[in-house]
$ cat coords.txt   # compact mmCIF, C-alpha atoms
# COMPACT_ATOMS: atom_id res chain seq x y z
CA MET A 16 118.19 118.91 83.31
CA PRO A 17 119.44 117.19 80.13
CA SER A 18 120.20 119.25 77.06
CA GLU A 19 117.82 119.53 74.13
CA GLU A 20 119.91 117.11 72.08
CA THR A 21 119.84 114.43 74.77
CA LYS A 22 116.13 114.98 75.22
CA GLU A 23 115.49 114.42 71.54
CA ARG A 24 117.59 111.28 71.61
CA ILE A 25 115.66 109.97 74.63
CA ILE A 26 112.34 110.67 72.93
CA LYS A 27 113.52 108.84 69.80
CA ALA A 28 114.70 105.86 71.86
CA VAL A 29 111.38 105.71 73.78
CA ASP A 30 109.48 105.81 70.48
CA LEU A 31 111.57 102.98 69.08
CA ALA A 32 111.12 100.93 72.24
CA ARG A 33 107.37 101.50 72.06
CA ILE A 34 107.23 100.18 68.50
CA VAL A 35 109.38 97.17 69.39
CA VAL A 36 107.15 96.31 72.36
CA HIS A 37 103.97 96.90 70.37
CA TYR A 38 104.84 94.45 67.62
CA GLY A 39 107.30 92.21 69.42
CA TRP A 40 105.65 91.43 72.73
CA ILE A 41 103.22 88.71 71.59
CA PRO A 42 105.83 86.97 69.38
CA PHE A 43 108.19 87.13 72.35
CA ILE A 44 105.68 85.42 74.68
CA ILE A 45 104.97 82.78 72.06
CA TYR A 46 108.70 82.19 71.59
CA VAL A 47 109.30 81.91 75.35
CA GLY A 48 106.29 79.64 75.80
CA TYR A 49 107.11 77.52 72.79
CA THR A 50 110.72 76.91 73.76
CA ARG A 51 110.09 76.27 77.46
CA SER A 52 106.87 74.26 77.23
CA ASN A 53 106.89 70.73 78.44
CA PRO A 54 106.04 68.83 76.21
CA GLN A 55 106.76 71.09 73.26
CA PRO A 56 103.59 71.74 71.23
CA SER A 57 103.41 71.74 67.45
CA LEU A 58 103.33 75.12 65.73
CA ILE A 59 99.97 74.58 64.04
CA LYS A 60 98.29 73.94 67.40
CA LEU A 61 99.75 77.18 68.62
CA ILE A 62 98.34 79.43 65.94
CA SER A 63 95.10 77.88 64.71
CA PRO A 64 91.99 78.14 66.88
CA LEU A 65 90.64 74.85 65.55
CA ALA A 66 93.55 72.41 65.62
CA MET B 25 100.59 86.05 99.74
CA SER B 26 99.94 87.01 103.42
CA SER B 27 102.65 84.81 104.80
CA SER B 28 103.60 85.82 108.28
CA ILE B 29 106.85 84.54 109.67
CA PRO B 30 106.04 82.21 112.52
CA VAL B 31 107.56 83.68 115.65
CA SER B 32 106.85 82.83 119.24
CA VAL B 33 104.82 85.34 121.19
CA ASP B 34 107.11 85.05 124.19
CA PRO B 35 108.57 88.33 125.43
CA PRO B 36 111.97 89.11 123.89
CA ALA B 37 114.99 87.54 125.55
CA PRO B 38 116.58 89.72 128.26
CA ASP B 39 119.55 91.80 127.27
CA PRO B 40 122.62 89.52 127.13
CA GLY B 41 124.62 92.05 129.11
CA PRO B 42 127.64 94.21 128.40
CA SER B 43 129.49 91.33 126.68
CA SER B 44 127.76 92.04 123.36
CA LEU B 45 128.85 95.58 122.79
CA SER B 46 127.03 96.21 119.54
CA ALA B 47 123.68 95.30 121.04
CA SER B 48 124.04 97.49 124.09
CA ARG B 49 125.10 100.73 122.39
CA TRP B 50 122.03 102.86 122.57
CA PRO B 51 120.87 103.26 118.94
CA PHE B 52 121.32 99.57 118.27
CA SER B 53 119.75 98.38 121.50
CA LEU B 54 116.82 100.68 120.91
CA TYR B 55 116.42 99.37 117.38
CA ASN B 56 116.82 95.75 118.48
CA ARG B 57 114.31 96.18 121.26
CA PHE B 58 111.89 97.85 118.88
CA SER B 59 112.19 95.12 116.25
CA ALA B 60 111.90 92.36 118.88
CA TRP B 61 108.79 94.03 120.25
CA ARG B 62 107.41 94.35 116.73
CA LYS B 63 108.11 90.68 116.04
CA ALA B 64 106.48 89.67 119.31
CA LEU B 65 103.27 91.36 118.19
CA ASP B 66 103.15 88.81 115.35
CA LEU B 67 101.14 91.03 113.02
CA PRO B 68 100.02 89.65 109.69
CA ASN B 69 100.95 91.17 106.34
CA PRO B 70 98.08 93.47 105.32
CA GLY B 71 98.22 92.57 101.61
CA THR B 72 98.93 95.09 98.88
CA SER B 73 97.10 98.37 98.52
CA GLU B 74 96.09 97.33 95.02
CA ASN B 75 94.34 94.26 96.45
CA LEU B 76 92.67 96.18 99.26
CA THR B 77 89.20 95.59 97.83
CA LYS B 78 90.00 92.36 95.99
CA GLU B 79 87.44 90.17 97.75
CA ALA B 80 84.63 92.67 97.20
CA LYS B 81 85.66 93.16 93.56
CA ASN B 82 85.54 89.41 92.99
CA THR B 83 81.98 89.27 94.26
CA LEU B 84 80.72 92.41 92.54
CA LEU B 85 79.50 91.99 89.00
CA ASN B 86 81.08 95.05 87.36
CA ASN B 87 84.06 93.19 85.92
CA TYR B 88 82.04 90.25 84.65
CA LEU B 89 79.13 91.92 82.90
CA PHE B 90 79.11 91.83 79.10
CA ASP B 91 76.55 92.18 76.32
CA GLY B 92 76.19 90.69 72.88
CA ALA B 93 77.72 87.35 72.04
CA ARG B 94 81.19 86.12 72.81
CA ALA B 95 83.23 82.99 72.35
CA ASP B 96 86.52 82.28 74.06
CA LEU B 97 88.62 79.44 72.78
CA SER B 98 91.52 78.87 75.07
CA LYS B 99 94.20 76.33 74.49
CA SER B 100 96.44 75.09 77.20
CA LEU B 101 99.72 74.05 75.61
CA SER B 102 101.69 73.29 78.73
CA MET B 103 100.90 73.01 82.42
CA ASN B 104 104.29 73.49 84.04
CA PRO B 105 105.34 76.13 83.10
CA ALA B 106 101.85 77.32 82.25
CA PHE B 107 101.50 78.41 78.65
CA ASN B 108 98.22 79.02 76.93
CA VAL B 109 96.83 80.98 74.04
CA THR B 110 93.30 82.40 73.75
CA HIS B 111 91.26 83.34 70.73
CA SER B 112 88.25 85.40 71.65
CA PHE B 113 85.49 86.70 69.44
CA THR B 114 82.88 89.28 70.44
CA LEU B 115 79.87 90.27 68.39
CA GLY B 116 76.73 92.35 68.69
CA SER B 117 77.63 94.49 71.67
CA GLN B 118 75.76 97.79 72.08
CA THR B 119 78.89 99.66 72.99
CA ALA B 120 81.74 98.02 71.09
CA PRO B 121 82.14 96.93 67.46
CA PRO B 122 82.71 93.23 66.68
CA ALA B 123 86.25 92.29 67.58
CA TYR B 124 88.77 89.50 67.67
CA HIS B 125 91.38 89.24 70.40
CA PHE B 126 94.39 86.99 70.55
CA GLY B 127 96.00 86.46 73.90
CA ALA B 128 98.99 84.55 75.18
CA ILE B 129 99.99 83.78 78.78
CA PHE B 130 103.18 82.29 80.07
CA ALA B 131 103.78 81.73 83.78
CA ASN B 132 106.30 79.90 85.90
CA GLU B 133 107.23 80.21 89.58
CA ASN B 134 108.48 83.76 89.40
CA LEU B 135 107.67 85.13 85.97
CA PHE B 136 104.30 85.98 84.50
CA LEU B 137 103.93 87.22 80.93
CA HIS B 138 100.64 88.21 79.35
CA GLY B 139 99.89 89.75 75.98
CA ASN B 140 96.68 90.55 74.16
CA ILE B 141 96.21 92.02 70.69
CA ASP B 142 92.99 92.87 68.87
CA ASN B 143 92.06 93.18 65.22
CA ASP B 144 92.74 96.95 65.25
CA GLY B 145 96.31 96.33 66.33
CA SER B 146 95.91 97.58 69.90
CA MET B 147 98.17 95.64 72.19
CA SER B 148 98.10 95.28 75.93
CA GLY B 149 100.88 93.54 77.76
CA ARG B 150 101.89 92.76 81.29
CA ILE B 151 104.95 91.32 82.96
CA ASN B 152 105.35 90.37 86.63
CA GLN B 153 108.74 89.30 87.85
CA GLY B 154 109.15 87.98 91.36
CA TRP B 155 112.73 88.45 92.59
CA THR B 156 112.25 86.88 96.01
CA ALA B 157 109.11 85.84 97.87
CA ASN B 158 108.67 89.45 99.03
CA ASN B 159 109.77 91.48 96.02
CA VAL B 160 107.72 91.70 92.85
CA THR B 161 108.22 94.09 89.95
CA LYS B 162 105.31 94.59 87.59
CA ALA B 163 105.01 96.47 84.35
CA GLN B 164 102.08 96.89 82.04
CA ALA B 165 101.51 98.71 78.77
CA GLN B 166 98.63 99.48 76.47
CA LEU B 167 99.76 100.52 73.03
CA SER B 168 97.69 101.40 70.00
CA SER B 169 98.49 102.82 66.60
CA GLN B 170 96.75 106.09 67.46
CA ALA B 171 99.01 108.60 69.15
CA GLY B 172 98.10 109.80 72.62
CA GLN B 173 96.36 106.57 73.62
CA ASN B 174 99.39 104.83 74.99
CA PHE B 175 99.70 103.87 78.60
CA PHE B 176 102.68 102.49 80.43
CA GLN B 177 103.07 101.68 84.09
CA VAL B 178 105.84 100.17 86.12
CA GLU B 179 105.66 99.35 89.81
CA HIS B 180 107.46 97.53 92.53
CA ASP B 181 105.92 95.78 95.53
CA TYR B 182 107.74 94.96 98.71
CA GLN B 183 105.93 92.92 101.35
CA GLY B 184 107.45 93.04 104.79
CA SER B 185 106.34 90.91 107.72
CA ASP B 186 103.63 93.37 108.75
CA TYR B 187 103.66 96.07 106.08
CA THR B 188 103.63 96.53 102.31
CA LEU B 189 105.40 99.16 100.26
CA ASN B 190 104.57 99.99 96.69
CA ALA B 191 106.11 102.47 94.27
CA LYS B 192 104.50 103.11 90.94
CA ALA B 193 105.15 105.30 87.90
CA VAL B 194 102.49 105.88 85.26
CA ASN B 195 103.62 107.14 81.84
CA PRO B 196 106.99 108.29 83.15
CA SER B 197 109.03 110.30 80.71
CA PRO B 198 112.80 110.15 81.18
CA ALA B 199 113.25 113.25 79.00
CA ASP B 200 111.40 115.82 81.09
CA GLY B 201 110.24 113.91 84.19
CA THR B 202 106.52 114.18 83.51
CA GLY B 203 104.12 111.47 84.53
CA ILE B 204 102.26 110.29 87.60
CA TYR B 205 104.25 108.86 90.50
CA ILE B 206 102.55 107.01 93.32
CA GLY B 207 103.96 105.64 96.55
CA SER B 208 101.91 103.72 99.06
CA TYR B 209 102.50 102.21 102.47
CA LEU B 210 100.14 99.86 104.24
CA GLN B 211 100.85 98.79 107.82
CA SER B 212 99.08 96.35 110.14
CA PHE B 213 98.43 97.91 113.54
CA THR B 214 96.58 95.04 115.17
CA LYS B 215 95.82 91.55 113.92
CA ASN B 216 92.65 92.94 112.37
CA LEU B 217 93.31 96.54 111.49
CA ALA B 218 95.59 97.90 108.79
CA LEU B 219 96.04 101.56 107.90
CA GLY B 220 97.66 102.91 104.79
CA VAL B 221 98.64 106.13 103.12
CA GLU B 222 99.24 106.83 99.47
CA ALA B 223 100.94 109.86 97.97
CA VAL B 224 100.30 110.80 94.35
CA LEU B 225 102.58 113.19 92.49
CA GLN B 226 101.18 114.38 89.19
CA ARG B 227 103.44 116.18 86.74
CA PRO B 228 101.47 116.81 83.54
CA SER B 229 104.19 119.21 82.33
CA PRO B 230 107.76 119.86 83.57
CA ASP B 231 106.82 123.08 85.39
CA MET B 232 103.66 121.80 87.05
CA ALA B 233 103.46 119.46 89.98
CA ASP B 234 100.57 118.49 92.17
CA VAL B 235 100.76 116.29 95.23
CA ALA B 236 97.72 114.58 96.70
CA ALA B 237 97.37 112.11 99.53
CA ALA B 238 94.93 109.27 99.95
CA TYR B 239 94.25 107.21 103.05
CA MET B 240 93.17 103.59 103.37
CA VAL B 241 91.83 101.50 106.21
CA LYS B 242 91.10 97.79 106.18
CA TYR B 243 89.53 95.76 108.92
CA THR B 244 89.60 91.97 108.67
CA SER B 245 87.64 89.90 111.15
CA THR B 246 89.57 87.44 113.29
CA ASP B 247 88.17 84.41 111.45
CA ARG B 248 88.73 86.25 108.14
CA ASN B 249 85.07 85.84 107.25
CA TRP B 250 84.40 89.50 106.69
CA ILE B 251 86.44 92.45 105.52
CA ALA B 252 85.57 96.13 105.58
CA THR B 253 87.66 98.72 103.75
CA ALA B 254 87.52 102.46 103.20
CA GLN B 255 89.58 104.72 100.99
CA VAL B 256 89.54 108.51 101.10
CA GLN B 257 91.09 110.55 98.32
CA GLY B 258 91.99 114.20 98.58
CA ALA B 259 89.35 115.56 96.22
CA GLY B 260 86.45 114.40 98.37
CA ILE B 261 86.18 110.88 97.00
CA LEU B 262 85.29 108.09 99.40
CA GLN B 263 85.03 104.43 98.56
CA ALA B 264 83.86 101.95 101.17
CA THR B 265 83.39 98.22 100.70
CA TYR B 266 82.17 95.42 102.86
CA TRP B 267 82.59 91.74 102.02
CA GLN B 268 81.30 88.80 103.96
CA LYS B 269 81.56 85.09 103.43
CA LEU B 270 78.29 83.52 104.46
CA SER B 271 79.25 79.93 103.75
CA ASP B 272 81.72 78.01 101.61
CA LYS B 273 79.60 78.67 98.56
CA VAL B 274 78.02 82.04 99.18
CA ASP B 275 79.54 85.45 99.71
CA VAL B 276 78.06 88.93 99.59
CA ALA B 277 79.60 92.34 99.04
CA ALA B 278 78.51 95.96 99.31
CA ASP B 279 80.24 98.92 97.75
CA LEU B 280 79.65 102.63 98.30
CA GLN B 281 81.29 105.36 96.25
CA LEU B 282 80.84 108.98 97.21
CA VAL B 283 82.05 112.02 95.31
CA ALA B 284 81.58 115.33 97.08
CA GLY B 285 83.36 118.52 96.24
CA GLN B 286 84.22 120.60 93.18
CA GLY B 287 80.52 121.22 92.63
CA ARG B 288 79.73 117.55 92.27
CA ARG B 289 77.73 115.46 94.65
CA ASP B 290 77.32 111.93 93.52
CA ALA B 291 76.97 108.55 95.13
CA LEU B 292 76.67 104.98 93.98
CA ALA B 293 75.84 102.04 96.18
CA SER B 294 75.86 98.44 94.97
CA LEU B 295 74.99 95.20 96.66
CA ALA B 296 76.01 91.84 95.22
CA ALA B 297 75.91 88.15 96.02
CA ARG B 298 77.92 85.31 94.59
CA TYR B 299 77.09 81.61 94.64
CA GLU B 300 80.00 79.36 93.81
CA LEU B 301 78.49 75.95 93.10
CA ARG B 302 80.17 72.78 91.93
CA MET B 303 79.49 73.26 88.23
CA ALA B 304 78.29 76.85 88.14
CA SER B 305 78.92 80.26 89.51
CA PHE B 306 76.12 82.78 89.80
CA ARG B 307 76.36 86.48 90.61
CA ALA B 308 73.56 88.96 91.17
CA GLN B 309 73.76 92.67 91.84
CA VAL B 310 71.48 95.65 92.47
CA ASP B 311 72.66 99.24 92.63
CA SER B 312 71.26 102.63 93.53
CA THR B 313 70.95 103.77 89.90
CA GLY B 314 68.17 101.24 89.42
CA LYS B 315 70.22 98.57 87.69
CA VAL B 316 69.61 94.91 88.38
CA ALA B 317 72.16 92.54 86.90
CA ALA B 318 72.95 88.84 86.96
CA HIS B 319 75.67 86.64 85.55
CA LEU B 320 75.73 82.88 85.29
CA GLU B 321 78.66 80.73 84.32
CA GLN B 322 77.63 77.11 83.90
CA ARG B 323 80.26 74.45 83.29
CA PHE B 324 78.83 71.50 81.41
CA ALA B 325 82.17 69.76 81.23
CA PRO B 326 85.59 70.70 82.57
CA THR B 327 86.45 72.13 79.17
CA PHE B 328 83.14 73.71 78.17
CA SER B 329 81.22 76.42 79.93
CA PHE B 330 78.28 78.58 79.00
CA LEU B 331 77.79 82.17 80.11
CA VAL B 332 74.66 84.28 80.39
CA SER B 333 74.77 87.86 81.54
CA GLY B 334 71.98 90.40 81.78
CA GLU B 335 71.30 93.84 83.12
CA ILE B 336 68.07 95.83 83.36
CA ASP B 337 68.20 99.56 83.99
CA HIS B 338 64.80 100.27 85.52
CA PHE B 339 65.20 104.07 85.59
CA LYS B 340 66.24 104.39 81.95
CA ASN B 341 64.19 101.44 80.68
CA ALA B 342 67.20 99.86 79.02
CA ALA B 343 68.47 96.32 79.03
CA LYS B 344 71.60 94.43 78.06
CA VAL B 345 71.82 90.72 77.41
CA GLY B 346 74.90 88.68 76.71
CA VAL B 347 75.53 85.03 75.94
CA GLY B 348 78.86 83.37 75.58
CA VAL B 349 80.73 80.10 75.41
CA MET B 350 84.13 79.25 76.76
CA ILE B 351 85.87 76.26 75.27
CA GLU B 352 89.14 75.06 76.62
CA SER B 353 91.04 72.54 74.58
CA ALA B 354 94.07 70.85 75.99
CA SER B 355 96.63 69.75 73.46
CA PHE B 356 97.62 66.65 75.39
CA THR B 357 96.01 63.28 75.89
CA PRO B 358 94.51 62.20 79.23
CA GLU B 359 97.54 59.94 79.83
CA GLU B 360 99.86 62.91 79.48
CA MET B 361 97.63 64.93 81.79
CA ALA B 362 97.89 62.29 84.50
CA LEU B 363 101.67 62.35 84.32
CA MET B 364 101.92 66.08 84.72
CA PRO B 365 102.62 67.69 88.07
CA PRO B 366 99.96 70.09 89.34
CA PRO B 367 100.47 73.70 88.28
CA PRO B 368 102.68 75.70 90.64
CA GLY B 369 101.10 78.20 92.96
CA SER B 370 102.94 81.10 91.27
CA ALA B 371 103.46 82.71 94.64
CA GLY B 372 103.13 86.45 94.61
CA LEU B 373 102.09 86.58 90.99
CA SER B 374 98.48 86.86 90.12
CA ALA B 375 96.67 88.17 87.11
CA PRO B 376 94.29 90.99 87.87

$ encode --input "coords.txt" --output "structure tokens"
Amino acid sequence: MPSEETKERIIKAVDLARIVVHYGWIPFIIYVGYTRSNPQPSLIKLISPLA
Amino acid sequence: MSSSIPVSVDPPAPDPGPSSLSASRWPFSLYNRFSAWRKALDLPNPGTSENLTKEAKNTLLNNYLFDGARADLSKSLSMNPAFNVTHSFTLGSQTAPPAYHFGAIFANENLFLHGNIDNDGSMSGRINQGWTANNVTKAQAQLSSQAGQNFFQVEHDYQGSDYTLNAKAVNPSPADGTGIYIGSYLQSFTKNLALGVEAVLQRPSPDMADVAAAYMVKYTSTDRNWIATAQVQGAGILQATYWQKLSDKVDVAADLQLVAGQGRRDALASLAARYELRMASFRAQVDSTGKVAAHLEQRFAPTFSFLVSGEIDHFKNAAKVGVGVMIESASFTPEEMALMPPPPGSAGLSAP
């Protein structure tokens, strides 16, 4: 069993990872899709529902 | 998905004799004989335990029903690799407040990424990574700003020639080992019959653990036109489904859920039919709680479809009606479309 200190550190790291995933996941998919798309779309088409 | 390695059904070759030492030593020869015999049976892969009732679920209406108004604008930005974004608006539902969802999907041969975020800031995400044709790792998360509503799950699927293994962890905590851990094994016994077992370890707190087992059986007809499944869970829960394909365009499904034990006796039976026509798909369902429901998806053009969904609860005298549109806009010209290769099959990776 890990010590209390390690446990606290793990909990902090999990919390940080959760926040990163929460706010970073969609931008990450858009980045991956945008850079690997063939042909590369324009940014305005990506974000706006109407363009 | 259910790719069986083509092997001849001839009996295994006779033992080559004492020249090959490694094959004639008893544990190896026994193992070799066993695996040759197993190969000679030529059993199909039974599919994953998660997809045990996939055909019936696709026919049943429960996942398609909605009420109020909705509009889905999806934009396909690339075909290979697949990349599209979705803006979806819902309004006037009896159960949910008006909402806006933004979704993004990226998929290539062995990677599938999906993310969805709503106007409250709740995010759901999913990643499937295929390592080889038989190994897929999947993770999904649902995160919201409220504490205690977060959900995280990671799982790995291995599909052997005639069996499937799956290991899953739900909300695992590396600090104190709490969470729900699930392992399942599904094995084909004949060309039609597959049996499976699932073990669930629940650890709500570090000093509590609870193990439960569940059993699965799946019978597929030889021409694969009908499938019957049953699942029994430890606490007296039984789910049985039956799915039959009547023709290319019509299939029917029945589903029975029984809960008996812990002072509860409850059952729900549903019967559904699906018509898959050239420009429309129609589903209808009745269940034992007096609900009659229907769902129509009519495509007027390849990029525009219209949805109507309705449900009448005869016992409670309640009704739900939904209308929706789905507009798909491609960001490329028809000439560009013609040049593009067809989308890859994304073997082993499928959205739920």

$ interface_residues --input "coords.txt" --of "chain B" --to "chain A" --cutoff "9 Å" --atoms "all atoms listed in the file" --output "ChimeraX atom specification"
/B:97-99,101-111,127-131,137-141,145-149,165-169,197-200,355-356

$ atom_distance --input "coords.txt" --atom1 "CA of Val276 in chain B" --atom2 "CA of Ala80 in chain B"
7.9 Å

$ residues_around --input "coords.txt" --residues "Leu135 in chain B" --least-positions-apart "3" --cutoff "6 Å" --atoms "only C-alpha atoms" --output "list of chain:residue names"
B:Ala131, B:Asn132, B:Asn152, B:Gln153

$ atom_distance --input "coords.txt" --atom1 "CA of Phe328 in chain B" --atom2 "CA of Ser100 in chain B"
13.4 Å

$ residues_around --input "coords.txt" --residues "Leu295 in chain B" --least-positions-apart "5" --cutoff "8 Å" --atoms "all atoms listed in the file" --output "PyMOL selection string"
chain B and resi 84+276-279+309-311

$ residues_around --input "coords.txt" --residues "Asp144 in chain B" --least-positions-apart "5" --cutoff "12 Å" --atoms "only C-alpha atoms" --output "list in words"
Pro121, Pro122, Ala123, Tyr124, His125, Phe126, Leu167, Ser168, Ser169 and Gln170 of chain B

$ closest_residue --input "coords.txt" --among "B:Val316, B:Ala95, B:Ala223, B:Val256" --to "Leu189 in chain B" --atoms "only C-alpha atoms"
B:Ala223

$ atom_distance --input "coords.txt" --atom1 "CA of Phe175 in chain B" --atom2 "CA of Val224 in chain B"
17.2 Å

$ residues_around --input "coords.txt" --residues "Ala325 in chain B" --least-positions-apart "3" --cutoff "12 Å" --atoms "all atoms listed in the file" --output "VMD selection string"
chain B and resid 302 to 304 321 to 322 328 to 330 349 to 353

$ residues_around --input "coords.txt" --residues "range 208-211 of chain B" --least-positions-apart "4" --cutoff "12 Å" --atoms "only C-alpha atoms" --output "ChimeraX atom specification"
/B:62,67-76,179-193,215-225,236-243
